[in-house]
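Novice: So here's data-v1.txt (compact mmCIF, C-alpha atoms).
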```txt
# COMPACT_ATOMS: atom_id res chain seq x y z
CA MET A 1 -30.48 70.23 11.27
CA ARG A 2 -33.42 68.77 13.22
CA ILE A 3 -35.25 71.47 15.17
CA VAL A 4 -38.26 71.13 17.48
CA VAL A 5 -40.53 74.17 17.68
CA ALA A 6 -42.78 73.96 20.72
CA LYS A 7 -45.61 75.82 22.42
CA PRO A 8 -45.46 75.18 26.16
CA GLY A 9 -48.30 75.96 28.52
CA LEU A 10 -51.77 77.38 28.08
CA ASP A 11 -51.11 79.76 25.22
CA GLY A 12 -53.07 79.40 22.00
CA HIS A 13 -51.22 81.95 19.87
CA ASP A 14 -49.11 80.02 17.40
CA ARG A 15 -48.80 82.36 14.41
CA GLY A 16 -45.23 83.25 15.42
CA ALA A 17 -44.22 79.64 16.02
CA LYS A 18 -45.59 78.65 12.61
CA VAL A 19 -43.80 81.50 10.81
CA VAL A 20 -40.51 80.54 12.48
CA ALA A 21 -41.06 76.84 11.67
CA ARG A 22 -41.73 77.70 8.05
CA ALA A 23 -38.69 80.00 7.80
CA LEU A 24 -36.39 77.35 9.27
CA ARG A 25 -37.77 74.81 6.80
CA ASP A 26 -37.02 77.22 3.96
CA ALA A 27 -33.49 77.55 5.31
CA GLY A 28 -33.12 73.78 4.76
CA HIS A 29 -33.84 72.44 8.26
CA GLU A 30 -36.16 69.65 9.32
CA VAL A 31 -38.61 71.26 11.71
CA ILE A 32 -40.85 69.26 14.02
CA TYR A 33 -43.76 71.33 15.29
CA THR A 34 -45.37 70.02 18.48
CA GLY A 35 -48.71 71.81 18.30
CA LEU A 36 -50.29 73.74 21.15
CA ARG A 37 -50.41 73.33 24.93
CA ARG A 38 -47.58 70.91 25.61
CA THR A 39 -46.15 70.35 29.06
CA PRO A 40 -42.39 70.75 29.71
CA ALA A 41 -42.08 66.96 30.14
CA GLN A 42 -43.81 66.30 26.80
CA ILE A 43 -41.57 68.79 25.02
CA VAL A 44 -38.38 67.29 26.46
CA ALA A 45 -39.55 63.77 25.50
CA THR A 46 -40.19 65.02 21.96
CA VAL A 47 -36.70 66.54 21.70
CA ARG A 48 -35.21 63.25 22.95
CA ASP A 49 -37.26 60.94 20.69
CA GLU A 50 -36.75 63.13 17.62
CA ASP A 51 -33.02 63.51 18.30
CA ALA A 52 -33.33 67.25 17.72
CA ARG A 53 -30.30 69.52 17.99
CA PHE A 54 -32.32 72.72 18.57
CA LEU A 55 -35.42 73.58 20.56
CA GLY A 56 -37.38 76.76 19.87
CA LEU A 57 -39.91 77.78 22.53
CA SER A 58 -42.69 80.25 21.89
CA SER A 59 -44.73 81.94 24.58
CA LEU A 60 -47.04 84.96 24.50
CA SER A 61 -48.87 84.33 27.74
CA GLY A 62 -46.37 85.66 30.28
CA ALA A 63 -45.53 82.23 31.68
CA HIS A 64 -42.05 82.12 30.07
CA GLY A 65 -40.31 82.92 33.36
CA HIS A 66 -41.54 79.64 34.79
CA LEU A 67 -41.83 77.36 31.75
CA PHE A 68 -38.60 78.07 29.87
CA PRO A 69 -36.16 77.43 32.78
CA THR A 70 -38.16 74.32 33.77
CA ILE A 71 -37.70 72.90 30.27
CA CYS A 72 -33.97 73.75 30.27
CA GLN A 73 -33.53 71.93 33.58
CA LEU A 74 -35.46 68.86 32.35
CA LEU A 75 -33.28 68.72 29.24
CA ARG A 76 -30.15 68.62 31.42
CA ASP A 77 -31.75 66.01 33.69
CA GLU A 78 -32.29 63.83 30.59
CA GLY A 79 -28.64 64.23 29.59
CA LEU A 80 -29.57 66.33 26.56
CA ASP A 81 -26.92 68.93 27.36
CA ASP A 82 -25.99 69.55 23.74
CA VAL A 83 -29.45 70.76 22.71
CA VAL A 84 -29.51 74.48 21.86
CA VAL A 85 -32.55 76.29 23.28
CA PHE A 86 -33.91 79.59 21.99
CA GLY A 87 -37.14 81.43 22.64
CA GLY A 88 -39.54 83.88 21.13
CA GLY A 89 -42.75 85.74 21.80
CA ILE A 90 -43.56 88.53 24.21
CA ILE A 91 -40.57 88.43 26.55
CA PRO A 92 -39.84 91.73 28.39
CA ASP A 93 -36.18 92.83 28.40
CA ALA A 94 -36.10 92.63 32.19
CA ASP A 95 -36.94 88.91 32.08
CA ARG A 96 -34.20 87.95 29.64
CA PRO A 97 -31.09 87.71 31.86
CA ALA A 98 -32.78 85.02 33.98
CA LEU A 99 -33.61 83.01 30.86
CA TYR A 100 -30.03 83.29 29.60
CA ASP A 101 -28.83 82.16 33.02
CA ALA A 102 -31.13 79.14 32.70
CA GLY A 103 -29.24 78.08 29.55
CA MET A 104 -31.15 79.74 26.72
CA ARG A 105 -28.94 81.16 23.98
CA ALA A 106 -31.25 83.63 22.21
CA ILE A 107 -34.57 85.40 22.73
CA PHE A 108 -36.31 86.79 19.67
CA GLY A 109 -39.02 89.39 20.09
CA PRO A 110 -41.62 90.77 17.67
CA GLY A 111 -40.08 92.22 14.52
CA THR A 112 -37.17 89.77 14.39
CA SER A 113 -36.39 88.88 10.79
CA THR A 114 -36.40 85.21 9.87
CA GLU A 115 -32.88 85.72 8.46
CA THR A 116 -31.70 86.60 11.96
CA ILE A 117 -33.08 83.35 13.37
CA SER A 118 -31.43 81.34 10.57
CA ALA A 119 -28.14 83.13 11.24
CA PHE A 120 -28.41 82.24 14.92
CA VAL A 121 -28.97 78.56 14.09
CA ALA A 122 -25.96 78.57 11.77
CA GLU A 123 -23.73 80.23 14.37
CA ALA A 124 -24.89 78.12 17.32
CA SER A 125 -24.55 74.84 15.42
CA GLY A 126 -20.85 75.57 14.86
CA ARG A 127 -20.07 76.22 18.51
CA ASP A 128 -19.42 73.71 21.26
CA ASP A 129 -20.57 76.08 24.03
CA SER A 130 -24.12 76.59 22.74
CA GLY A 131 -25.86 73.60 24.36
CA VAL A 132 -28.22 74.02 27.27
CA GLY A 133 -25.72 72.23 29.51
CA ALA A 134 -22.68 74.30 28.48
CA SER A 135 -21.10 76.69 30.92
CA GLY A 136 -19.55 79.96 29.78
CA GLY A 137 -22.78 81.77 29.14
CA TRP A 138 -22.52 82.34 25.38
CA VAL A 139 -25.52 84.30 24.16
CA TRP A 140 -26.42 85.32 20.61
CA GLU A 141 -26.19 89.01 19.91
CA ALA A 142 -27.55 90.13 16.59
CA MET B 1 -23.68 63.24 25.12
CA THR B 2 -23.60 59.51 24.44
CA LYS B 3 -20.57 58.51 22.47
CA GLY B 4 -19.16 55.20 21.39
CA ALA B 5 -19.60 52.40 18.93
CA PRO B 6 -22.95 51.62 17.32
CA SER B 7 -23.01 48.31 19.18
CA ASP B 8 -22.80 50.11 22.55
CA ARG B 9 -25.59 52.37 21.47
CA LEU B 10 -27.62 49.36 20.35
CA SER B 11 -27.20 47.70 23.75
CA ALA B 12 -28.26 50.91 25.48
CA ALA B 13 -31.27 51.30 23.18
CA ARG B 14 -32.27 47.68 23.82
CA ALA B 15 -32.02 48.33 27.56
CA GLY B 16 -34.57 51.12 27.13
CA SER B 17 -32.55 54.28 26.45
CA ARG B 18 -34.71 56.28 24.07
CA ARG B 19 -31.94 58.80 23.53
CA ASP B 20 -29.70 56.07 22.18
CA LEU B 21 -32.52 54.69 20.05
CA ALA B 22 -33.15 58.18 18.66
CA ARG B 23 -29.46 58.63 17.83
CA LEU B 24 -29.23 55.21 16.17
CA LEU B 25 -32.16 56.17 13.95
CA THR B 26 -30.43 59.46 13.07
CA ASP B 27 -27.27 57.56 12.09
CA VAL B 28 -29.32 55.32 9.80
CA GLU B 29 -31.24 58.28 8.38
CA ASP B 30 -28.02 60.14 7.62
CA GLY B 31 -26.52 57.06 5.94
CA ARG B 32 -23.75 56.54 8.51
CA LEU B 33 -25.15 53.18 9.57
CA SER B 34 -27.36 50.48 8.05
CA ALA B 35 -29.49 47.82 9.67
CA SER B 36 -27.17 45.12 8.30
CA ASP B 37 -24.21 46.76 10.11
CA LEU B 38 -26.11 46.32 13.37
CA PHE B 39 -27.78 42.97 13.00
CA GLU B 40 -25.86 41.18 10.20
CA ALA B 41 -27.73 38.01 9.30
CA ASP B 42 -29.75 38.07 12.49
CA ARG B 43 -32.59 40.19 11.16
CA PRO B 44 -34.94 41.27 13.94
CA LEU B 45 -38.54 40.16 13.67
CA GLY B 46 -41.59 42.37 13.84
CA ARG B 47 -44.57 43.68 12.02
CA SER B 48 -45.01 46.94 10.14
CA ILE B 49 -48.25 48.49 9.00
CA ALA B 50 -48.39 51.45 6.62
CA ILE B 51 -51.34 53.78 7.01
CA THR B 52 -51.68 55.92 3.96
CA GLY B 53 -54.19 58.07 2.15
CA PRO B 54 -54.86 61.60 0.95
CA PRO B 55 -53.98 64.63 3.13
CA GLY B 56 -56.61 65.67 5.65
CA VAL B 57 -58.42 62.36 5.64
CA GLY B 58 -57.74 61.73 9.33
CA LYS B 59 -54.69 59.46 9.42
CA SER B 60 -52.97 61.17 12.37
CA CYS B 61 -56.18 61.36 14.36
CA PHE B 62 -56.83 57.62 13.85
CA ILE B 63 -53.20 56.76 14.62
CA ASP B 64 -53.49 58.66 17.90
CA HIS B 65 -56.27 56.25 18.94
CA LEU B 66 -54.25 53.29 17.68
CA LEU B 67 -51.14 54.22 19.69
CA ARG B 68 -53.13 54.69 22.89
CA ALA B 69 -55.12 51.49 22.42
CA HIS B 70 -51.97 49.38 22.06
CA ALA B 71 -50.08 51.12 24.83
CA SER B 72 -53.00 50.74 27.26
CA GLU B 73 -52.88 47.01 26.73
CA GLY B 74 -49.24 47.01 27.69
CA GLU B 75 -47.87 46.61 24.17
CA PRO B 76 -45.13 48.86 22.83
CA ILE B 77 -45.89 50.59 19.54
CA ALA B 78 -43.71 52.87 17.42
CA LEU B 79 -44.72 55.37 14.77
CA LEU B 80 -42.61 56.61 11.88
CA ALA B 81 -44.49 59.66 10.60
CA VAL B 82 -43.25 60.53 7.12
CA ASP B 83 -43.67 63.98 5.60
CA PRO B 84 -42.20 65.34 2.38
CA SER B 85 -39.00 67.38 2.17
CA SER B 86 -39.11 70.58 0.17
CA ALA B 87 -37.55 70.01 -3.24
CA LEU B 88 -36.32 73.62 -3.22
CA SER B 89 -34.68 74.02 0.19
CA GLY B 90 -34.26 70.40 1.29
CA GLY B 91 -35.97 71.37 4.54
CA ALA B 92 -39.16 69.86 5.88
CA LEU B 93 -42.02 70.83 8.15
CA LEU B 94 -42.92 67.74 10.14
CA GLY B 95 -46.31 68.37 11.68
CA ASP B 96 -47.80 64.98 12.50
CA ARG B 97 -47.30 65.51 16.21
CA ILE B 98 -49.84 68.35 16.22
CA ARG B 99 -52.67 65.82 16.18
CA LEU B 100 -51.03 63.30 18.48
CA SER B 101 -52.13 63.83 22.05
CA SER B 102 -48.84 62.77 23.80
CA PRO B 103 -50.25 61.12 26.92
CA ASP B 104 -49.09 62.51 30.26
CA ASP B 105 -49.48 59.06 31.79
CA GLU B 106 -45.89 57.86 32.10
CA ALA B 107 -46.73 54.18 31.70
CA LEU B 108 -48.48 54.93 28.41
CA SER B 109 -45.84 57.27 27.01
CA GLU B 110 -43.13 54.73 27.80
CA ARG B 111 -44.78 52.32 25.37
CA ILE B 112 -45.17 54.84 22.55
CA TYR B 113 -42.25 56.00 20.41
CA VAL B 114 -42.89 58.61 17.73
CA ARG B 115 -40.34 59.72 15.19
CA SER B 116 -40.93 62.25 12.40
CA ILE B 117 -39.15 61.39 9.17
CA ALA B 118 -38.59 63.59 6.12
CA THR B 119 -38.50 62.00 2.66
CA ARG B 120 -35.21 63.86 1.92
CA ARG B 121 -33.91 62.96 -1.54
CA SER B 122 -36.42 60.23 -2.32
CA SER B 123 -38.98 60.96 -5.00
CA GLY B 124 -41.53 58.53 -3.59
CA SER B 125 -43.67 58.74 -0.50
CA ILE B 126 -41.02 57.20 1.73
CA PRO B 127 -37.28 57.74 2.17
CA SER B 128 -35.17 54.89 0.85
CA VAL B 129 -33.79 54.16 4.35
CA LEU B 130 -37.25 53.55 5.83
CA GLY B 131 -36.89 49.77 5.78
CA ASP B 132 -33.69 50.05 7.82
CA LEU B 133 -35.38 52.36 10.34
CA VAL B 134 -38.13 49.78 10.81
CA GLN B 135 -35.50 47.06 11.34
CA VAL B 136 -33.68 49.12 13.98
CA LEU B 137 -36.94 49.69 15.86
CA HIS B 138 -37.77 45.96 15.71
CA GLY B 139 -34.29 45.19 17.00
CA CYS B 140 -34.63 47.60 19.92
CA GLY B 141 -37.82 46.21 21.41
CA TRP B 142 -40.48 47.73 19.17
CA PRO B 143 -42.07 44.75 17.41
CA LEU B 144 -44.96 46.78 15.97
CA VAL B 145 -44.14 49.77 13.78
CA ILE B 146 -46.75 51.99 12.17
CA ILE B 147 -45.70 53.99 9.11
CA GLU B 148 -47.73 57.07 8.31
CA THR B 149 -47.25 58.43 4.81
CA VAL B 150 -48.74 61.56 3.39
CA GLY B 151 -50.31 62.48 0.11
CA ALA B 152 -52.05 60.55 -2.59
CA GLY B 153 -51.00 59.25 -5.93
CA GLN B 154 -48.72 56.78 -7.56
CA SER B 155 -45.77 57.54 -5.28
CA GLU B 156 -47.82 56.36 -2.31
CA VAL B 157 -47.55 52.79 -3.50
CA ARG B 158 -43.88 52.82 -2.54
CA CYS B 159 -44.73 52.10 1.10
CA ALA B 160 -45.51 48.56 -0.08
CA ALA B 161 -41.76 48.08 -0.42
CA VAL B 162 -41.35 48.24 3.34
CA ALA B 163 -44.61 47.58 5.19
CA ASP B 164 -45.98 44.08 5.83
CA ARG B 165 -49.54 45.42 5.67
CA ILE B 166 -51.11 48.41 3.99
CA VAL B 167 -54.13 50.25 5.28
CA LEU B 168 -55.67 52.80 2.95
CA MET B 169 -57.63 55.58 4.59
CA GLU B 170 -60.29 57.39 2.62
CA GLY B 171 -62.96 59.93 3.47
CA PRO B 172 -66.34 61.08 2.22
CA ALA B 173 -66.71 63.02 -1.02
CA ARG B 174 -63.46 61.72 -2.44
CA GLY B 175 -64.85 61.47 -5.95
CA ASP B 176 -65.99 58.19 -7.40
CA GLY B 177 -64.21 54.90 -6.72
CA VAL B 178 -62.18 55.32 -9.89
CA GLN B 179 -60.22 58.16 -8.25
CA ALA B 180 -58.98 55.77 -5.60
CA GLU B 181 -58.22 53.11 -8.19
CA LYS B 182 -56.20 55.56 -10.24
CA ALA B 183 -53.87 56.09 -7.31
CA GLY B 184 -52.88 52.44 -7.68
CA LEU B 185 -53.09 51.76 -3.98
CA LEU B 186 -56.47 50.11 -3.87
CA GLU B 187 -55.11 46.91 -5.41
CA LEU B 188 -52.44 46.74 -2.71
CA ALA B 189 -54.48 47.67 0.35
CA ASP B 190 -55.09 44.90 2.88
CA LEU B 191 -57.77 47.02 4.55
CA VAL B 192 -59.65 50.17 3.58
CA LEU B 193 -60.96 52.53 6.26
CA VAL B 194 -63.45 55.19 5.25
CA ASN B 195 -63.06 57.83 7.95
CA LYS B 196 -65.42 60.70 8.84
CA ALA B 197 -68.38 58.33 8.59
CA ASP B 198 -70.36 60.91 10.59
CA LEU B 199 -70.30 63.16 7.51
CA GLU B 200 -72.48 62.91 4.43
CA GLY B 201 -71.15 60.90 1.51
CA ALA B 202 -69.03 58.44 3.51
CA GLU B 203 -71.39 55.49 3.08
CA ARG B 204 -71.74 56.11 -0.63
CA HIS B 205 -67.97 56.30 -1.05
CA ALA B 206 -67.52 53.06 0.92
CA ALA B 207 -70.04 51.35 -1.37
CA GLU B 208 -68.16 52.57 -4.45
CA LEU B 209 -64.88 51.29 -3.07
CA ARG B 210 -66.40 47.89 -2.28
CA GLU B 211 -67.70 47.74 -5.84
CA SER B 212 -64.25 48.51 -7.29
CA LEU B 213 -62.58 45.96 -5.04
CA ALA B 214 -65.09 43.24 -5.91
CA LEU B 215 -64.08 43.57 -9.57
CA ASP B 216 -60.50 42.60 -8.69
CA GLY B 217 -61.55 39.08 -7.85
CA PRO B 218 -62.62 36.96 -4.91
CA ASP B 219 -61.65 37.76 -1.33
CA PRO B 220 -61.43 41.55 -1.65
CA ALA B 221 -60.07 43.77 1.13
CA ASP B 222 -62.61 44.82 3.76
CA VAL B 223 -63.97 48.35 3.61
CA LEU B 224 -64.89 49.64 7.08
CA LEU B 225 -66.71 52.84 7.95
CA MET B 226 -65.43 54.69 10.99
CA SER B 227 -65.05 58.09 12.61
CA ALA B 228 -61.89 58.89 14.52
CA GLN B 229 -63.66 62.00 15.80
CA THR B 230 -66.87 60.48 17.23
CA GLY B 231 -65.54 56.97 17.85
CA LEU B 232 -68.10 55.38 15.54
CA GLY B 233 -66.74 52.06 14.23
CA LEU B 234 -63.38 52.81 15.85
CA SER B 235 -63.06 49.66 17.95
CA GLU B 236 -63.99 47.50 14.93
CA ALA B 237 -61.27 49.24 12.89
CA LEU B 238 -58.69 48.71 15.64
CA THR B 239 -59.64 45.02 15.93
CA ALA B 240 -59.41 44.56 12.18
CA LEU B 241 -55.93 46.06 12.23
CA ARG B 242 -54.81 43.72 14.99
CA THR B 243 -55.64 40.56 13.06
CA LEU B 244 -54.99 41.86 9.57
CA GLU B 245 -53.82 39.29 7.03
CA ALA B 246 -52.00 40.16 3.83
CA ARG B 247 -54.17 39.79 0.76
CA PRO B 248 -53.06 37.09 -1.62
CA GLY B 249 -51.80 38.12 -5.02
CA SER B 250 -49.98 41.28 -4.01
CA GLU B 251 -46.51 39.68 -3.99
CA ARG B 252 -45.65 40.82 -7.49
CA ALA B 253 -46.67 44.39 -6.86
CA ARG B 254 -44.71 44.44 -3.60
CA ALA B 255 -41.67 43.03 -5.36
CA ARG B 256 -41.94 45.79 -7.94
CA GLU B 257 -41.92 48.45 -5.23
CA ARG B 258 -39.03 46.81 -3.40
CA LEU B 259 -37.02 46.84 -6.61
CA ALA B 260 -37.87 50.48 -7.31
CA ASN B 261 -36.95 51.38 -3.73
CA ALA B 262 -33.59 49.63 -3.98
CA ALA B 263 -32.83 51.32 -7.31
CA GLU B 264 -33.72 54.71 -5.87
CA ALA B 265 -31.59 54.11 -2.77
CA ARG B 266 -28.61 53.58 -5.06
CA LEU B 267 -29.49 56.67 -7.07
CA VAL B 268 -29.95 59.13 -4.20
CA GLY B 269 -27.08 57.58 -2.26
CA HIS B 270 -24.57 58.23 -5.05
CA GLU B 271 -21.69 60.41 -3.91
CA ASP B 272 -22.06 62.79 -6.84
CA TYR B 273 -25.85 63.01 -6.59
CA GLU B 274 -26.01 66.78 -6.03
CA ASP B 275 -23.47 67.44 -8.75
CA ILE B 276 -25.38 65.21 -11.17
CA LEU B 277 -28.61 67.08 -10.40
CA ALA B 278 -26.89 70.41 -11.04
CA ARG B 279 -25.53 69.20 -14.38
CA ILE B 280 -28.92 67.90 -15.49
CA ALA B 281 -30.49 71.21 -14.44
CA ASN B 282 -28.02 73.31 -16.46
CA GLY B 283 -28.26 71.06 -19.48
CA THR B 284 -24.71 69.67 -19.54
CA LEU B 285 -25.80 66.11 -18.73
CA ALA B 286 -28.72 64.08 -20.04
CA PRO B 287 -30.66 62.10 -17.42
CA GLU B 288 -30.17 58.90 -19.45
CA ASP B 289 -26.39 59.36 -19.37
CA ALA B 290 -26.54 60.13 -15.65
CA VAL B 291 -28.29 56.79 -15.02
CA GLU B 292 -25.53 55.02 -16.96
CA VAL B 293 -22.88 56.69 -14.80
CA ILE B 294 -24.65 55.79 -11.56
CA TRP B 295 -25.37 52.20 -12.59
CA ARG B 296 -21.80 51.50 -13.57
CA GLY B 297 -20.80 52.85 -10.16
CA GLU B 298 -18.35 55.36 -11.62
```
With the file now loaded, output its structure as structure tokens.
Specialist:
Amino acid sequence: MRIVVAKPGLDGHDRGAKVVARALRDAGHEVIYTGLRRTPAQIVATVRDEDARFLGLSSLSGAHGHLFPTICQLLRDEGLDDVVVFGGGIIPDADRPALYDAGMRAIFGPGTSTETISAFVAEASGRDDSGVGASGGWVWEA
Amino acid sequence: MTKGAPSDRLSAARAGSRRDLARLLTDVEDGRLSASDLFEADRPLGRSIAITGPPGVGKSCFIDHLLRAHASEGEPIALLAVDPSSALSGGALLGDRIRLSSPDDEALSERIYVRSIATRRSSGSIPSVLGDLVQVLHGCGWPLVIIETVGAGQSEVRCAAVADRIVLMEGPARGDGVQAEKAGLLELADLVLVNKADLEGAERHAAELRESLALDGPDPADVLLMSAQTGLGLSEALTALRTLEARPGSERARARERLANAAEARLVGHEDYEDILARIANGTLAPEDAVEVIWRGE
């Protein structure tokens, strides 16, 4: 599976993104890491050009409420409805429903095991309602 | 999602759909499609340049300048950035984009296509389908393709099987010139760039490389000093790349790599490849017998 792991916005903390990228590699996936401080448009162009099936977004700066839904919308605008989007970082529980409504399928907070993330990728890749453009509102529950 | 025949996808990619181009490349990478399926005898024309050298020497940083320079002059340029797959998990961490600056300027980014490629089953520095990926890009309006390959050593030479030109990137304090010669690439390089020329030891290393190259005979490859970081010598390096000619005498070595690449493609493309690996690993099949089985096409 080709997976893009991206750091949107002005957030320089990428330890988590790197650990997740490494864990997904060890689970047999091809992981493209964008590096820091990418704009939503750059991230969507990367997903398109790399023909990635999954997009993992990491944010620890508090800007997730704006950046994550913007990226989901841009993906749909590009016709990349089948891309599965998940997120991680410091995302308060109260913020999560809005992100799920925007098309994200999982949010992983601190303490999530890498096995859980791999299990999510396996489950979501077998479903046809996991893409960012799918209706039905399927969300991963560990 | 775009569906349909490869030819529809090819038309869409030619008309500028990067999503269709990306999906064509995936089909080729996964072995569902080959360049000959798409183009038959009408092989698309273009130029490919491999930029290779040891890890950390500054290849991605230099390539970032190269992509921008071409795109700003209105020329499309594509990059296939190759990184190794893990032999244990089969996964790969493709990190070349970290050092690429992805321009926000839409006109520039429209002329730059970057694709990260894992080596997958190949033992060499490039996956066996790389030549087909280059062909597909040429056929979809990307006449210039840069191939970035990682690492150093004998396996690096494999990029000669695909690329029209080979640029070797070196840095300061890389040991004496013999270290570079040992890797086997020096004899194939059409141009040598010694990066990080702002650091101590770069000039001495360049001199050693020139000395080694001069022993190979007349008309050796140029050795240029540059710094992708400070911009020193950068425009000279970019100009040299633009007009780069293949060095005479490398045909035999290139043929050798093309042959090895074709043999490996057949090996790793065999339907029982994983099973054969497992049997060699548990001692029930000798590698020599496995080669016999694969060669006979059983």
Novice: Which residues of chain B come within 9 Å of chain A, and what is each one's closest atom pair and distance in Å (one decimal), counting only C-alpha atoms, sorted by chain and residue number, as CSV?
Specialist:
```
residue,atom,partner,partner_atom,distance
B:Met1,CA,A:Gly79,CA,6.8
B:Thr2,CA,A:Gly79,CA,8.6
B:Arg18,CA,A:Asp49,CA,6.3
B:Arg19,CA,A:Arg48,CA,5.6
B:Leu21,CA,A:Asp49,CA,7.9
B:Ala22,CA,A:Asp51,CA,5.3
B:Arg23,CA,A:Asp51,CA,6.1
B:Leu25,CA,A:Asp51,CA,8.6
B:Thr26,CA,A:Asp51,CA,7.1
B:Ser85,CA,A:Glu30,CA,8.0
B:Ser86,CA,A:Asp26,CA,7.9
B:Leu88,CA,A:Asp26,CA,8.1
B:Ser89,CA,A:Gly28,CA,4.8
B:Gly90,CA,A:Gly28,CA,5.0
B:Gly91,CA,A:Gly28,CA,3.7
B:Ala92,CA,A:Glu30,CA,4.6
B:Leu93,CA,A:Val31,CA,4.9
B:Leu94,CA,A:Ile32,CA,4.7
B:Gly95,CA,A:Tyr33,CA,5.3
B:Asp96,CA,A:Tyr33,CA,8.0
B:Arg97,CA,A:Thr34,CA,5.4
B:Ile98,CA,A:Gly35,CA,4.2
B:Arg99,CA,A:Gly35,CA,7.5
B:Leu100,CA,A:Thr34,CA,8.8
B:Ser102,CA,A:Gln42,CA,6.8
B:Pro103,CA,A:Gln42,CA,8.3
B:Asp104,CA,A:Gln42,CA,7.4
B:Tyr113,CA,A:Asp49,CA,7.0
B:Val114,CA,A:Asp49,CA,6.8
B:Arg115,CA,A:Glu50,CA,5.5
B:Ser116,CA,A:Glu50,CA,6.7
B:Ile117,CA,A:Glu30,CA,8.8
B:Ala118,CA,A:Glu30,CA,7.3
```
Novice: Mind dumping the selected residues with C-alpha atoms as a compact mmCIF listing (two decimals), in the frame of the given file?
Specialist:
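Okay, this is what ended up in part.txt:
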```txt
# COMPACT_ATOMS: atom_id res chain seq x y z
CA MET B 1 -23.68 63.24 25.12
CA THR B 2 -23.60 59.51 24.44
CA ARG B 18 -34.71 56.28 24.07
CA ARG B 19 -31.94 58.80 23.53
CA LEU B 21 -32.52 54.69 20.05
CA ALA B 22 -33.15 58.18 18.66
CA ARG B 23 -29.46 58.63 17.83
CA LEU B 25 -32.16 56.17 13.95
CA THR B 26 -30.43 59.46 13.07
CA SER B 85 -39.00 67.38 2.17
CA SER B 86 -39.11 70.58 0.17
CA LEU B 88 -36.32 73.62 -3.22
CA SER B 89 -34.68 74.02 0.19
CA GLY B 90 -34.26 70.40 1.29
CA GLY B 91 -35.97 71.37 4.54
CA ALA B 92 -39.16 69.86 5.88
CA LEU B 93 -42.02 70.83 8.15
CA LEU B 94 -42.92 67.74 10.14
CA GLY B 95 -46.31 68.37 11.68
CA ASP B 96 -47.80 64.98 12.50
CA ARG B 97 -47.30 65.51 16.21
CA ILE B 98 -49.84 68.35 16.22
CA ARG B 99 -52.67 65.82 16.18
CA LEU B 100 -51.03 63.30 18.48
CA SER B 102 -48.84 62.77 23.80
CA PRO B 103 -50.25 61.12 26.92
CA ASP B 104 -49.09 62.51 30.26
CA TYR B 113 -42.25 56.00 20.41
CA VAL B 114 -42.89 58.61 17.73
CA ARG B 115 -40.34 59.72 15.19
CA SER B 116 -40.93 62.25 12.40
CA ILE B 117 -39.15 61.39 9.17
CA ALA B 118 -38.59 63.59 6.12
```
Novice: State, in Å with one decimal place, the distance from CA of Pro110 (chain A) to CA of Gly89 (chain A).
Specialist: 6.6 Å
Novice: Might you pull out every residue within 6 Å of region 53-67 of chain B, with all atoms listed in the file counted and same-chain residues fewer than 2 positions away left off, and present them as an MDAnalysis selection string?
Specialist: chainID B and resid 69:70 99:100 151:152 168:169 171 228
Novice: Go ahead and compute the interatomic distance for CA of Leu137 (chain B) and CA of Glu245 (chain B), in Å to one decimal.
Specialist: 21.7 Å
Novice: Pick the closest to Arg242 (chain B) from B:Val150, B:His138, B:Arg9, B:Val167: which is it, counting all atoms listed in the file?
Specialist: B:Val167
